[in-house]
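Shown below: structure32.txt, with compact mmCIF, C-alpha atoms.
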# COMPACT_ATOMS: atom_id res chain seq x y z
CA MET A 417 24.46 13.68 6.47
CA THR A 418 23.63 12.06 9.81
CA ILE A 419 20.13 11.35 11.12
CA LYS A 420 20.55 14.18 13.65
CA THR A 421 21.48 16.61 10.86
CA THR A 422 18.49 15.41 8.85
CA ILE A 423 16.25 16.08 11.85
CA ARG A 424 17.58 19.61 12.34
CA THR A 425 17.13 20.47 8.66
CA ALA A 426 13.64 19.02 8.48
CA VAL A 427 12.46 20.64 11.71
CA ALA A 428 13.70 23.98 10.42
CA ALA A 429 11.58 23.39 7.32
CA ALA A 430 8.60 22.65 9.54
CA VAL A 431 9.01 25.98 11.34
CA THR A 432 8.60 27.79 8.02
CA VAL A 433 5.23 26.15 7.65
CA GLY A 434 4.13 26.69 11.24
CA THR A 435 0.76 27.93 10.07
CA LEU A 436 -0.09 24.32 9.37
CA ILE A 437 -1.09 23.93 13.01
CA GLY A 438 -4.86 24.14 13.11
CA VAL A 439 -5.30 23.43 9.42
CA SER A 440 -7.74 20.61 8.68
CA ALA A 441 -6.52 17.09 7.88
CA CYS A 442 -7.12 17.34 4.15
CA GLY A 443 -3.86 19.05 3.15
CA LEU A 444 -0.43 17.55 2.59
CA GLY A 445 -1.90 14.19 1.76
CA GLY A 446 -4.27 13.92 4.74
CA ASP A 447 -6.94 11.29 4.14
CA SER A 448 -9.36 9.97 6.73
CA THR A 449 -10.44 6.35 6.36
CA SER A 450 -11.88 3.43 8.29
CA GLY A 451 -14.58 5.51 9.92
CA SER A 452 -12.20 8.09 11.31
CA GLY A 453 -13.34 11.54 12.30
CA SER A 454 -13.40 13.99 15.15
CA SER A 455 -16.68 12.90 16.72
CA GLY A 456 -16.71 11.85 20.35
CA ASP A 457 -17.33 8.19 19.54
CA THR A 458 -14.21 7.79 17.37
CA VAL A 459 -10.51 7.96 18.18
CA ASN A 460 -7.83 7.96 15.52
CA ILE A 461 -4.29 6.85 14.88
CA GLY A 462 -2.32 9.12 12.58
CA VAL A 463 -0.36 7.47 9.77
CA ILE A 464 2.66 9.03 8.04
CA TYR A 465 3.62 6.88 5.08
CA PRO A 466 4.67 6.90 1.39
CA LYS A 467 1.46 6.59 -0.61
CA THR A 468 3.33 8.07 -3.57
CA GLY A 469 6.96 8.55 -4.56
CA GLN A 470 9.87 6.14 -4.76
CA TYR A 471 8.74 4.14 -1.71
CA ALA A 472 5.08 3.83 -2.70
CA GLU A 473 5.31 0.02 -2.88
CA TYR A 474 5.91 -0.06 0.88
CA GLY A 475 3.07 2.37 1.51
CA LYS A 476 0.68 0.03 -0.30
CA LEU A 477 1.80 -2.94 1.81
CA PHE A 478 1.53 -0.92 5.02
CA GLN A 479 -1.98 0.27 4.21
CA GLN A 480 -3.17 -3.29 3.65
CA GLY A 481 -1.93 -4.24 7.11
CA PHE A 482 -3.29 -1.07 8.75
CA ASP A 483 -6.76 -1.36 7.26
CA LEU A 484 -7.10 -5.05 8.09
CA ALA A 485 -6.07 -4.37 11.70
CA VAL A 486 -8.58 -1.54 12.15
CA ALA A 487 -11.35 -3.77 10.78
CA LYS A 488 -10.43 -6.45 13.32
CA VAL A 489 -10.23 -4.02 16.23
CA ASN A 490 -13.64 -2.54 15.45
CA LYS A 491 -15.19 -5.96 14.85
CA ASP A 492 -13.92 -6.96 18.30
CA GLY A 493 -15.51 -3.93 19.98
CA GLY A 494 -13.13 -1.06 19.27
CA VAL A 495 -11.26 0.67 22.09
CA LYS A 496 -13.17 1.15 25.33
CA GLY A 497 -16.43 1.42 23.44
CA LYS A 498 -15.11 3.89 20.87
CA LYS A 499 -14.53 3.20 17.21
CA LEU A 500 -10.94 3.23 15.96
CA GLY A 501 -10.05 5.10 12.77
CA LEU A 502 -6.96 6.06 10.78
CA LYS A 503 -5.90 9.41 9.38
CA TYR A 504 -3.43 8.95 6.54
CA TYR A 505 -0.82 11.50 5.46
CA ASP A 506 1.26 10.90 2.35
CA THR A 507 4.83 12.07 3.08
CA GLN A 508 6.63 10.08 0.37
CA SER A 509 8.83 9.10 3.35
CA ASP A 510 10.69 12.36 2.87
CA ALA A 511 12.17 14.03 5.97
CA LYS A 512 11.03 17.54 5.08
CA GLN A 513 7.48 16.41 4.44
CA ASP A 514 7.38 14.40 7.68
CA ALA A 515 8.49 17.41 9.71
CA ALA A 516 6.01 19.66 7.89
CA VAL A 517 3.01 17.42 8.46
CA ALA A 518 3.78 16.56 12.10
CA PRO A 519 2.23 19.77 13.56
CA LYS A 520 -1.05 18.92 11.85
CA LEU A 521 -1.24 15.57 13.61
CA VAL A 522 -0.35 17.20 16.91
CA ALA A 523 -3.15 19.76 16.48
CA ASP A 524 -5.75 17.06 15.75
CA LYS A 525 -6.98 16.10 19.22
CA SER A 526 -8.76 13.00 17.91
CA ILE A 527 -5.35 11.43 17.21
CA ILE A 528 -4.08 9.38 20.17
CA ALA A 529 -0.84 8.09 18.56
CA VAL A 530 1.09 8.21 15.29
CA VAL A 531 2.60 5.31 13.31
CA GLY A 532 5.24 5.54 10.55
CA ASP A 533 7.19 6.38 8.50
CA TYR A 534 8.90 3.88 6.20
CA ALA A 535 12.46 5.25 6.37
CA SER A 536 14.12 5.99 9.71
CA PRO A 537 15.60 9.38 8.64
CA ALA A 538 12.13 10.58 7.60
CA SER A 539 10.49 9.31 10.78
CA SER A 540 13.19 10.86 12.93
CA ALA A 541 12.52 14.26 11.41
CA ALA A 542 8.98 14.20 12.84
CA SER A 543 9.82 12.64 16.21
CA PRO A 544 10.93 15.86 18.01
CA ILE A 545 7.60 17.50 17.21
CA PHE A 546 5.61 14.55 18.56
CA GLN A 547 7.90 14.30 21.58
CA GLN A 548 7.39 17.94 22.49
CA ALA A 549 3.62 17.53 22.24
CA GLY A 550 3.50 14.34 24.33
CA LEU A 551 2.14 12.33 21.40
CA VAL A 552 3.43 8.76 21.03
CA HIS A 553 5.39 8.18 17.84
CA TYR A 554 5.29 4.44 17.08
CA GLY A 555 7.96 3.84 14.44
CA PHE A 556 6.92 0.29 13.64
CA ASN A 557 9.27 -0.01 10.64
CA ASN A 558 12.22 1.96 11.98
CA SER A 559 15.20 -0.31 12.53
CA ALA A 560 17.85 2.39 12.93
CA PRO A 561 19.26 1.80 16.45
CA THR A 562 19.24 5.56 17.14
CA PHE A 563 15.56 6.02 16.22
CA THR A 564 14.27 6.17 19.81
CA ASP A 565 16.97 8.59 21.00
CA THR A 566 14.66 11.60 20.59
CA GLY A 567 12.76 11.02 23.82
CA ASP A 568 10.43 8.94 25.94
CA HIS A 569 7.42 9.23 23.61
CA VAL A 570 9.28 7.60 20.70
CA TRP A 571 8.86 3.81 20.54
CA THR A 572 9.39 0.96 18.09
CA PRO A 573 8.74 -2.79 18.12
CA GLN A 574 11.00 -3.14 15.08
CA ILE A 575 14.14 -5.27 15.31
CA GLY A 576 17.23 -3.06 15.31
CA GLN A 577 19.77 -3.17 12.49
CA ASP A 578 22.36 -4.37 15.00
CA LYS A 579 20.36 -7.62 15.34
CA TYR A 580 19.41 -7.82 11.68
CA GLN A 581 22.97 -7.37 10.45
CA LYS A 582 24.37 -9.85 12.96
CA ALA A 583 21.99 -12.47 11.53
CA ASN A 584 22.91 -11.36 8.01
CA ALA A 585 26.66 -11.56 8.61
CA ASP A 586 26.34 -14.91 10.38
CA ILE A 587 24.54 -16.62 7.48
CA VAL A 588 26.96 -15.05 4.99
CA ALA A 589 29.86 -16.47 7.00
CA LYS A 590 28.43 -19.97 6.56
CA LYS A 591 28.47 -19.60 2.78
CA ALA A 592 31.51 -17.45 1.99
CA LYS A 593 34.99 -16.53 3.19
CA LYS A 594 35.51 -13.58 0.82
CA ILE A 595 32.73 -11.15 -0.06
CA SER A 596 32.01 -7.96 -1.97
CA VAL A 597 29.55 -5.62 -0.27
CA VAL A 598 27.53 -2.73 -1.70
CA TYR A 599 25.11 -0.62 0.32
CA ILE A 600 22.68 2.25 -0.14
CA GLU A 601 24.09 5.71 0.54
CA ASN A 602 21.79 7.06 3.25
CA ASP A 603 21.85 7.16 7.04
CA TRP A 604 20.12 3.80 7.35
CA GLY A 605 22.41 2.10 4.83
CA LYS A 606 25.59 3.45 6.36
CA GLN A 607 24.56 2.42 9.88
CA ALA A 608 23.43 -1.02 8.73
CA TYR A 609 26.67 -1.61 6.85
CA GLN A 610 28.78 -0.69 9.87
CA TYR A 611 26.92 -3.28 11.96
CA PHE A 612 27.36 -5.86 9.22
CA LYS A 613 31.04 -5.06 8.85
CA GLN A 614 31.71 -5.38 12.59
CA GLU A 615 30.07 -8.79 12.72
CA ALA A 616 31.77 -9.96 9.52
CA GLU A 617 35.16 -9.08 11.02
CA LYS A 618 34.29 -11.06 14.16
CA ASN A 619 33.37 -14.01 11.98
CA GLY A 620 36.63 -13.81 10.03
CA THR A 621 34.82 -12.98 6.79
CA GLN A 622 37.07 -11.00 4.45
CA ILE A 623 35.47 -8.02 2.70
CA VAL A 624 37.51 -7.81 -0.49
CA TYR A 625 35.49 -4.91 -1.95
CA GLU A 626 33.00 -2.35 -0.61
CA SER A 627 31.12 0.56 -2.13
CA SER A 628 28.02 2.65 -1.53
CA TYR A 629 25.55 3.77 -4.20
CA LEU A 630 22.99 6.57 -4.40
CA PRO A 631 19.33 5.65 -3.78
CA ASP A 632 18.29 6.93 -7.22
CA SER A 633 21.05 5.16 -9.14
CA THR A 634 20.05 3.63 -12.47
CA ASP A 635 23.37 2.13 -13.56
CA LEU A 636 25.47 0.30 -10.97
CA SER A 637 27.95 -1.23 -13.41
CA PRO A 638 30.79 1.11 -12.36
CA ILE A 639 30.75 -0.24 -8.80
CA LEU A 640 29.68 -3.80 -9.58
CA ILE A 641 32.42 -4.51 -12.13
CA PRO A 642 35.15 -4.20 -9.48
CA ALA A 643 32.88 -6.06 -7.04
CA ARG A 644 32.83 -8.98 -9.47
CA ASP A 645 36.50 -8.68 -10.38
CA ALA A 646 37.49 -9.00 -6.72
CA LYS A 647 36.47 -12.67 -7.16
CA PRO A 648 34.28 -12.92 -4.06
CA ASP A 649 32.60 -16.09 -2.86
CA ALA A 650 29.38 -14.05 -2.53
CA VAL A 651 28.00 -10.56 -3.11
CA VAL A 652 26.05 -8.80 -0.35
CA ASP A 653 23.71 -5.85 -0.90
CA ILE A 654 22.45 -3.81 2.06
CA GLY A 655 19.60 -1.75 0.69
CA TYR A 656 15.94 -1.77 -0.28
CA GLY A 657 13.94 -3.80 -2.78
CA PRO A 658 14.27 -1.81 -6.04
CA ASP A 659 18.01 -1.26 -5.69
CA GLY A 660 18.44 -4.87 -4.59
CA ALA A 661 16.86 -5.94 -7.87
CA LEU A 662 19.08 -3.55 -9.81
CA VAL A 663 22.17 -5.01 -8.15
CA ILE A 664 21.34 -8.64 -8.88
CA ASN A 665 20.08 -7.96 -12.42
CA THR A 666 23.28 -6.10 -13.25
CA LEU A 667 25.42 -8.85 -11.80
CA ARG A 668 23.58 -11.69 -13.53
CA ASP A 669 22.51 -10.17 -16.85
CA LYS A 670 25.36 -7.78 -17.64
CA LEU A 671 28.40 -8.95 -15.71
CA GLY A 672 28.08 -12.73 -15.79
CA TYR A 673 28.26 -13.22 -12.03
CA THR A 674 26.80 -16.59 -11.03
CA GLY A 675 27.72 -16.84 -7.34
CA PRO A 676 25.55 -16.51 -4.19
CA TYR A 677 23.69 -13.27 -3.53
CA PHE A 678 22.45 -11.85 -0.25
CA GLY A 679 20.09 -8.94 -0.81
CA GLY A 680 16.67 -7.68 -1.79
CA GLN A 681 13.46 -7.43 0.21
CA GLU A 682 10.34 -9.49 0.69
CA THR A 683 8.16 -7.46 -1.65
CA LYS A 684 6.37 -8.24 -4.89
CA GLU A 685 8.25 -5.30 -6.39
CA PHE A 686 11.64 -6.91 -5.75
CA LEU A 687 10.50 -10.33 -6.98
CA ASP A 688 8.93 -8.85 -10.13
CA LEU A 689 11.92 -6.65 -10.94
CA ALA A 690 14.52 -9.36 -10.30
CA GLY A 691 12.52 -12.17 -11.91
CA LYS A 692 14.50 -15.39 -12.21
CA ASN A 693 17.58 -13.62 -10.87
CA ALA A 694 15.96 -13.46 -7.42
CA GLU A 695 16.09 -17.24 -7.08
CA GLY A 696 18.27 -18.23 -4.12
CA SER A 697 18.58 -14.71 -2.69
CA ILE A 698 18.80 -14.81 1.11
CA ILE A 699 17.58 -11.97 3.32
CA THR A 700 16.80 -11.34 6.97
CA GLY A 701 13.21 -10.82 8.07
CA SER A 702 10.88 -11.17 11.04
CA PHE A 703 7.92 -13.15 9.70
CA SER A 704 7.07 -16.07 7.44
CA ALA A 705 3.46 -16.56 6.41
CA THR A 706 4.12 -20.23 5.62
CA GLY A 707 6.48 -20.89 8.51
CA THR A 708 4.74 -19.31 11.51
CA LYS A 709 3.43 -21.73 14.14
CA ASP A 710 1.66 -19.07 16.22
CA ALA A 711 -2.14 -19.48 16.18
CA LYS A 712 -3.02 -15.77 16.03
CA ALA A 713 -0.41 -15.20 13.31
CA GLN A 714 -1.88 -18.08 11.30
CA GLN A 715 -5.33 -16.49 11.65
CA PHE A 716 -3.87 -13.18 10.47
CA VAL A 717 -2.45 -14.92 7.39
CA LYS A 718 -5.84 -16.51 6.69
CA ASP A 719 -7.69 -13.18 7.08
CA PHE A 720 -5.14 -11.32 4.97
CA LYS A 721 -5.29 -13.84 2.15
CA ALA A 722 -9.09 -13.79 2.20
CA LYS A 723 -9.12 -10.00 1.78
CA TYR A 724 -6.19 -9.42 -0.57
CA GLY A 725 -5.69 -12.74 -2.36
CA ASN A 726 -2.08 -13.35 -1.34
CA ASN A 727 0.01 -14.15 1.71
CA PRO A 728 1.30 -11.22 3.78
CA GLY A 729 5.00 -10.51 4.17
CA ASN A 730 7.16 -8.69 6.68
CA PHE A 731 5.93 -5.18 5.85
CA GLU A 732 2.26 -6.10 6.03
CA VAL A 733 2.55 -7.91 9.36
CA THR A 734 4.53 -5.13 11.06
CA ALA A 735 1.91 -2.59 9.96
CA TYR A 736 -0.89 -4.85 11.16
CA GLN A 737 0.81 -5.42 14.49
CA ALA A 738 1.38 -1.69 15.02
CA ILE A 739 -2.35 -0.99 15.03
CA ILE A 740 -3.13 -4.06 17.12
CA ASP A 741 -0.45 -2.97 19.63
CA LEU A 742 -1.87 0.53 20.03
CA ALA A 743 -5.46 -0.69 20.27
CA TYR A 744 -4.36 -3.18 22.91
CA ALA A 745 -2.63 -0.34 24.75
CA ALA A 746 -5.77 1.83 24.62
CA ASN A 747 -7.91 -0.99 25.97
CA LYS A 748 -5.48 -1.67 28.81
CA THR A 749 -5.56 1.96 29.96
CA GLU A 750 -7.67 4.50 28.06
CA PRO A 751 -7.91 5.72 24.43
CA THR A 752 -6.02 8.96 25.01
CA ARG A 753 -2.50 10.17 24.31
CA GLU A 754 -1.69 9.78 27.99
CA GLY A 755 -3.23 6.32 28.07
CA ILE A 756 -1.13 5.07 25.15
CA GLN A 757 2.09 6.32 26.75
CA LYS A 758 1.19 4.75 30.10
CA ALA A 759 0.43 1.39 28.48
CA LEU A 760 3.71 1.27 26.57
CA GLN A 761 5.47 1.89 29.87
CA THR A 762 3.59 -0.74 31.87
CA VAL A 763 1.97 -3.46 29.74
CA THR A 764 4.05 -6.65 29.51
CA ASP A 765 1.94 -8.88 27.25
CA PHE A 766 1.50 -7.17 23.88
CA PRO A 767 0.41 -9.78 21.29
CA LEU A 768 3.34 -10.73 19.06
CA TYR A 769 2.76 -11.83 15.46
CA GLN A 770 6.40 -11.79 14.32
CA GLY A 771 9.19 -14.26 15.06
CA ASN A 772 7.91 -17.15 17.16
CA GLY A 773 4.74 -15.35 18.24
CA GLY A 774 3.59 -15.21 21.84
CA THR A 775 3.78 -11.83 23.56
CA PHE A 776 6.32 -9.07 24.03
CA LYS A 777 7.06 -6.07 26.21
CA PHE A 778 9.21 -2.99 25.79
CA ASN A 779 12.66 -2.44 27.21
CA GLN A 780 12.11 0.82 29.07
CA LYS A 781 15.68 2.01 28.52
CA ASP A 782 15.62 2.09 24.73
CA ARG A 783 11.84 1.71 24.15
CA ARG A 784 12.32 -1.19 21.76
CA ALA A 785 10.69 -4.64 21.88
CA ASP A 786 12.84 -6.92 23.99
CA ASN A 787 12.25 -10.36 22.50
CA ILE A 788 11.71 -10.25 18.73
CA ASP A 789 14.51 -11.94 16.79
CA PRO A 790 15.24 -12.01 13.05
CA ILE A 791 14.62 -15.02 10.84
CA LEU A 792 16.10 -15.90 7.45
CA LEU A 793 14.15 -15.99 4.19
CA ILE A 794 15.12 -17.39 0.79
CA ALA A 795 13.60 -16.69 -2.63
CA LYS A 796 12.28 -19.89 -4.21
CA ASP A 797 9.96 -20.19 -7.20
CA GLY A 798 8.98 -16.53 -7.18
CA LYS A 799 8.32 -16.14 -3.46
CA PHE A 800 10.15 -16.00 -0.15
CA GLU A 801 9.97 -18.79 2.37
CA GLN A 802 11.65 -19.38 5.70
CA TYR A 803 15.23 -20.60 5.48
CA GLU A 804 16.85 -22.60 8.24
CA GLY A 805 20.42 -22.12 7.06

So, in terms of structure tokens, how does the structure I just supplied come out?
Amino acid sequence: MTIKTTIRTAVAAAVTVGTLIGVSACGLGGDSTSGSGSSGDTVNIGVIYPKTGQYAEYGKLFQQGFDLAVAKVNKDGGVKGKKLGLKYYDTQSDAKQDAAVAPKLVADKSIIAVVGDYASPASSAASPIFQQAGLVHYGFNNSAPTFTDTGDHVWTPQIGQDKYQKANADIVAKKAKKISVVYIENDWGKQAYQYFKQEAEKNGTQIVYESSYLPDSTDLSPILIPARDAKPDAVVDIGYGPDGALVINTLRDKLGYTGPYFGGQETKEFLDLAGKNAEGSIITGSFSATGTKDAKAQQFVKDFKAKYGNNPGNFEVTAYQAIIDLAYAANKTEPTREGIQKALQTVTDFPLYQGNGGTFKFNQKDRRADNIDPILLIAKDGKFEQYEG
């Protein structure tokens, strides 16, 4: 199923629940926090995210970044004298739930923009509804290159999978001539793998085995045995954190594979599930709490650690930046839906916490950030740190 097919199916589901428009924000996981409300002195950003379900780990990381950002914005004076709040909706990052909840956010006039969701197919199911209503959809975590195709109100500062997978294939090429590749069987995974495969072919890297796997797989031995038996110089997994841990644990603990591994994600969940098997895993990312040289990013790391007791990773910083971006936009123009859209079209100095820091602007053709590049991370001693290759 393609992302476009997913969108059509999910939007059709949303039509069947059209009575949701005008319903209060308490249903379908709606939860107002950080001083949000409908009073005239507060404006809100809507959040669609996986508080529960299989992607709940990411929802937890996002919420930490969101809440810290709102606290900073309000401490610094809010947006044009108004307080900034968040209205959370738990979608489990499921396309049907995203499409069903989208009309509720549209109907809530206190909401000036929407951020989320975790997975690009889920986010894309809601985008047409936001687009039609003229409400900015800020897909801060959506790396699918087709994510912004819906229309001019759909934006993302996230690095595209074309860039991520080029960086991934390039570091793999430095370590291996023959590889086995497995990837998650969803729209994101299939797109990401195609970008990786194209770059690997350019680099002269031979893919001696390839296979997809279902997101809810619990036993990957049937596909990993032939991956091992192809005698690769390295194994590459293109997927998420939990399945990345399942891949490496199966390879190491059951199949006796001892070679290099490229896969996983910078989450506590992956590191806990993979344990010692995570050591040496190399992944692409956009932020390193210990490697950043940018002053405002260093302050973010300090503030985050003071509040939560640990360093932030890629998911926390992208969530934090999303709220900072939209607050900055509102202060540059006005805290309205129209003001947010105008700012994204015209502002050229959004504060950048990822990569090398500094500022960024949006490419107006594809509505993606124009100067954020991937970095490499390696798992060492139970955590990820920046890797220079």

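Shortest atom-to-atom contact with Ala735 of chain A among A:Gln574, A:Ser526, A:Asn460, A:Ser543: A:Gln574, counting only C-alpha atoms.
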
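If you count only C-alpha atoms and ignore residues fewer than 4 places along the chain from segment 556-566 of chain A, what sits within 6 Å of it is Tyr534, Ser536, Val570, Trp571, Thr572, Pro573, Gln574, Ile575, Gly576 and Gln577 of chain A.
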
Show which residues sit within 6 Å of segment 657-671 of chain A, as a ChimeraX atom specification. Count only C-alpha atoms, and ignore same-chain residues fewer than 3 positions away.
-> /A:679-681,686,689-690

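As for atom CA of Ser637 of chain A and atom CA of Glu695 of chain A, they are spaced 20.9 Å apart.
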
Work out how far apart atom CA of Ala535 of chain A and atom CA of Tyr474 of chain A are and give it in Å to one decimal.
-> 10.1 Å

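For the pair atom CA of Ala608 of chain A and atom CA of Asp578 of chain A, the separation is 7.2 Å.
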
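Using all atoms listed in the file, the residues found no farther than 12 Å from Lys594 of chain A, other than those of its own chain fewer than 5 positions away, are Ala585, Val588, Ala589, Ala616, Glu617, Asn619, Gly620, Thr621, Gln622, Ile623, Val624, Tyr625, Glu626, Ala643, Arg644, Ala646, Lys647, Pro648, Asp649, Ala650, Val651, Val652, Gly675 and Pro676 of chain A.
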
For segment 702-714 of chain A, please output as a list in words all residues within 8 Å (counting all atoms listed in the file; exclusion window: fewer than 5 positions along the same chain).
-> Ile575, Asn727, Pro728, Gly729, Asn730, Val733, Tyr769, Gln770, Gly771, Asn772, Gly773, Gly774, Ile788, Asp789, Pro790, Ile791, Leu792, Leu793, Glu801 and Gln802 of chain A
